[in-house]
Amino acid sequence: MPNAKVLSEKQAVVAALTEQLKNAQSGVLVDYKGITVAEDTALRHELRENDVQYGVVKNTLARFAVNNVGLNELDGVLNGTTSLATCATDPIAPMRIINKHAKKLNGKFEIKGGFMDGKVISLEEITALADLPSKDVLLAQTLGMMLAPLTSLAIVLKAIAEKDGEAPAEEAPAAE
């Protein structure tokens, strides 16, 4: 039986994990066994740049947290070495970065499972979502598509104005 201090510390960790999962738009559970310190440092640096929270979690404490937020289907993947990446702002960021590193590290870093908007998603869905561009790129593409007709119109109007402006100038000296 753990003493009261240890028990309260574990309860605080579970409460923090539960809050992190509630606030996250998405998250990925990873088996990180076998990666080097340099590889882990590069991964953590990229995750930090994209506002993704990442950390190693104890399976037992993570199990309590995922059950608290209704992600019970993740219980089956909570074994071995486990780390958790979540993001509250960009739902694709954890999947994109983790999937990129999983491909690069070839078997030393494997995705166990994930969730998005409070629902567990399959590994196929995680990899499909990971291949999507980032939120900023998607917004830029949408804006570009919205501006394309206006840009085309402006180019055509400029060409007409230049054509009309040059034609009388050429005809005027010929008329004299």
# chains A, B, ... in the order shown; residues from 1 in each chain; ligands from 1

$ residues_around --residues "A:Asp90" --least-positions-apart "6" --cutoff "9 Å" --atoms "only C-alpha atoms" --output "list in words"
Gln25, Ser26, Asn50, Asp51, Val52, Ser134 and Lys135 of chain A

$ atom_distance --atom1 "atom CA of A:Leu43" --atom2 "atom CA of A:Ile98"
8.0 Å

$ residues_around --residues "stretch 55-65 of chain A" --least-positions-apart "5" --cutoff "6 Å" --atoms "only C-alpha atoms" --output "number ranges by chain"
A: 14, 17-18, 75, 78, 82-84

$ write_last_selection --atoms "N, CA and C atoms" --output "PDB file, in the first residue's frame"
ATOM      1  N   VAL A  14      -2.243  12.043 -12.604  1.00  0.00           N
ATOM      2  CA  VAL A  14      -3.432  11.597 -13.335  1.00  0.00           C
ATOM      3  C   VAL A  14      -4.335  12.795 -13.633  1.00  0.00           C
ATOM      4  N   LEU A  17      -2.708  14.791 -16.455  1.00  0.00           N
ATOM      5  CA  LEU A  17      -2.859  14.068 -17.726  1.00  0.00           C
ATOM      6  C   LEU A  17      -4.303  14.147 -18.224  1.00  0.00           C
ATOM      7  N   THR A  18      -5.252  13.998 -17.320  1.00  0.00           N
ATOM      8  CA  THR A  18      -6.665  14.085 -17.678  1.00  0.00           C
ATOM      9  C   THR A  18      -6.980  15.460 -18.257  1.00  0.00           C
ATOM     10  N   ASP A  75      -6.800   1.609 -23.888  1.00  0.00           N
ATOM     11  CA  ASP A  75      -6.240   0.752 -22.833  1.00  0.00           C
ATOM     12  C   ASP A  75      -5.333  -0.338 -23.401  1.00  0.00           C
ATOM     13  N   LEU A  78      -1.608   0.618 -24.063  1.00  0.00           N
ATOM     14  CA  LEU A  78      -0.822   1.136 -22.949  1.00  0.00           C
ATOM     15  C   LEU A  78      -0.005   0.024 -22.298  1.00  0.00           C
ATOM     16  N   THR A  82       5.906   4.107 -23.314  1.00  0.00           N
ATOM     17  CA  THR A  82       4.844   4.935 -23.889  1.00  0.00           C
ATOM     18  C   THR A  82       5.145   6.411 -23.680  1.00  0.00           C
ATOM     19  N   SER A  83       4.980   7.162 -24.742  1.00  0.00           N
ATOM     20  CA  SER A  83       5.024   8.617 -24.635  1.00  0.00           C
ATOM     21  C   SER A  83       3.767   9.167 -25.305  1.00  0.00           C
ATOM     22  N   LEU A  84       3.412  10.380 -24.932  1.00  0.00           N
ATOM     23  CA  LEU A  84       2.174  10.991 -25.388  1.00  0.00           C
ATOM     24  C   LEU A  84       2.462  12.365 -25.973  1.00  0.00           C
TER      25      LEU A  84
END

$ residues_around --residues "A:Arg48" --least-positions-apart "5" --cutoff "12 Å" --atoms "only C-alpha atoms" --output "ChimeraX atom specification"
/A:41-43,53-55,85-87,93-94,97

$ decode --residues "stretch 19-35 of chain A" --atoms "N, CA, C and O atoms" --output "PDB file, in the first residue's frame"
ATOM      1  N   GLU A  19      -6.479  16.500 -17.627  1.00  0.00           N
ATOM      2  CA  GLU A  19      -6.703  17.869 -18.099  1.00  0.00           C
ATOM      3  C   GLU A  19      -6.049  18.080 -19.466  1.00  0.00           C
ATOM      4  O   GLU A  19      -6.631  18.695 -20.359  1.00  0.00           O
ATOM      5  N   GLN A  20      -4.833  17.539 -19.638  1.00  0.00           N
ATOM      6  CA  GLN A  20      -4.130  17.645 -20.916  1.00  0.00           C
ATOM      7  C   GLN A  20      -4.929  16.963 -22.027  1.00  0.00           C
ATOM      8  O   GLN A  20      -5.077  17.504 -23.119  1.00  0.00           O
ATOM      9  N   LEU A  21      -5.483  15.801 -21.748  1.00  0.00           N
ATOM     10  CA  LEU A  21      -6.275  15.066 -22.742  1.00  0.00           C
ATOM     11  C   LEU A  21      -7.586  15.778 -23.056  1.00  0.00           C
ATOM     12  O   LEU A  21      -8.038  15.798 -24.197  1.00  0.00           O
ATOM     13  N   LYS A  22      -8.214  16.379 -22.029  1.00  0.00           N
ATOM     14  CA  LYS A  22      -9.473  17.107 -22.244  1.00  0.00           C
ATOM     15  C   LYS A  22      -9.266  18.319 -23.142  1.00  0.00           C
ATOM     16  O   LYS A  22     -10.098  18.628 -23.986  1.00  0.00           O
ATOM     17  N   ASN A  23      -8.158  19.033 -22.938  1.00  0.00           N
ATOM     18  CA  ASN A  23      -7.886  20.262 -23.676  1.00  0.00           C
ATOM     19  C   ASN A  23      -7.328  20.012 -25.072  1.00  0.00           C
ATOM     20  O   ASN A  23      -7.302  20.921 -25.897  1.00  0.00           O
ATOM     21  N   ALA A  24      -6.868  18.797 -25.334  1.00  0.00           N
ATOM     22  CA  ALA A  24      -6.221  18.491 -26.608  1.00  0.00           C
ATOM     23  C   ALA A  24      -7.245  18.239 -27.706  1.00  0.00           C
ATOM     24  O   ALA A  24      -8.247  17.573 -27.494  1.00  0.00           O
ATOM     25  N   GLN A  25      -6.964  18.777 -28.898  1.00  0.00           N
ATOM     26  CA  GLN A  25      -7.784  18.474 -30.061  1.00  0.00           C
ATOM     27  C   GLN A  25      -7.429  17.090 -30.595  1.00  0.00           C
ATOM     28  O   GLN A  25      -8.273  16.420 -31.178  1.00  0.00           O
ATOM     29  N   SER A  26      -6.170  16.707 -30.404  1.00  0.00           N
ATOM     30  CA  SER A  26      -5.727  15.392 -30.856  1.00  0.00           C
ATOM     31  C   SER A  26      -4.507  14.962 -30.068  1.00  0.00           C
ATOM     32  O   SER A  26      -3.868  15.768 -29.393  1.00  0.00           O
ATOM     33  N   GLY A  27      -4.197  13.672 -30.176  1.00  0.00           N
ATOM     34  CA  GLY A  27      -3.032  13.151 -29.492  1.00  0.00           C
ATOM     35  C   GLY A  27      -2.602  11.818 -30.080  1.00  0.00           C
ATOM     36  O   GLY A  27      -3.390  11.138 -30.746  1.00  0.00           O
ATOM     37  N   VAL A  28      -1.337  11.485 -29.846  1.00  0.00           N
ATOM     38  CA  VAL A  28      -0.764  10.250 -30.360  1.00  0.00           C
ATOM     39  C   VAL A  28       0.032   9.582 -29.251  1.00  0.00           C
ATOM     40  O   VAL A  28       0.808  10.233 -28.549  1.00  0.00           O
ATOM     41  N   LEU A  29      -0.176   8.266 -29.098  1.00  0.00           N
ATOM     42  CA  LEU A  29       0.615   7.464 -28.170  1.00  0.00           C
ATOM     43  C   LEU A  29       1.706   6.758 -28.969  1.00  0.00           C
ATOM     44  O   LEU A  29       1.430   6.199 -30.040  1.00  0.00           O
ATOM     45  N   VAL A  30       2.929   6.763 -28.435  1.00  0.00           N
ATOM     46  CA  VAL A  30       4.079   6.272 -29.180  1.00  0.00           C
ATOM     47  C   VAL A  30       4.914   5.315 -28.342  1.00  0.00           C
ATOM     48  O   VAL A  30       5.068   5.511 -27.138  1.00  0.00           O
ATOM     49  N   ASP A  31       5.453   4.282 -28.999  1.00  0.00           N
ATOM     50  CA  ASP A  31       6.457   3.412 -28.396  1.00  0.00           C
ATOM     51  C   ASP A  31       7.807   3.954 -28.851  1.00  0.00           C
ATOM     52  O   ASP A  31       8.148   3.901 -30.027  1.00  0.00           O
ATOM     53  N   TYR A  32       8.577   4.510 -27.933  1.00  0.00           N
ATOM     54  CA  TYR A  32       9.817   5.203 -28.269  1.00  0.00           C
ATOM     55  C   TYR A  32      11.062   4.363 -28.018  1.00  0.00           C
ATOM     56  O   TYR A  32      12.174   4.874 -28.034  1.00  0.00           O
ATOM     57  N   LYS A  33      10.910   3.077 -27.817  1.00  0.00           N
ATOM     58  CA  LYS A  33      12.017   2.208 -27.446  1.00  0.00           C
ATOM     59  C   LYS A  33      13.110   2.197 -28.519  1.00  0.00           C
ATOM     60  O   LYS A  33      12.843   1.949 -29.688  1.00  0.00           O
ATOM     61  N   GLY A  34      14.327   2.490 -28.116  1.00  0.00           N
ATOM     62  CA  GLY A  34      15.464   2.377 -29.011  1.00  0.00           C
ATOM     63  C   GLY A  34      15.947   3.666 -29.644  1.00  0.00           C
ATOM     64  O   GLY A  34      16.939   3.651 -30.373  1.00  0.00           O
ATOM     65  N   ILE A  35      15.287   4.793 -29.405  1.00  0.00           N
ATOM     66  CA  ILE A  35      15.780   6.021 -30.026  1.00  0.00           C
ATOM     67  C   ILE A  35      16.929   6.596 -29.208  1.00  0.00           C
ATOM     68  O   ILE A  35      17.007   6.416 -27.994  1.00  0.00           O
TER      69      ILE A  35
END
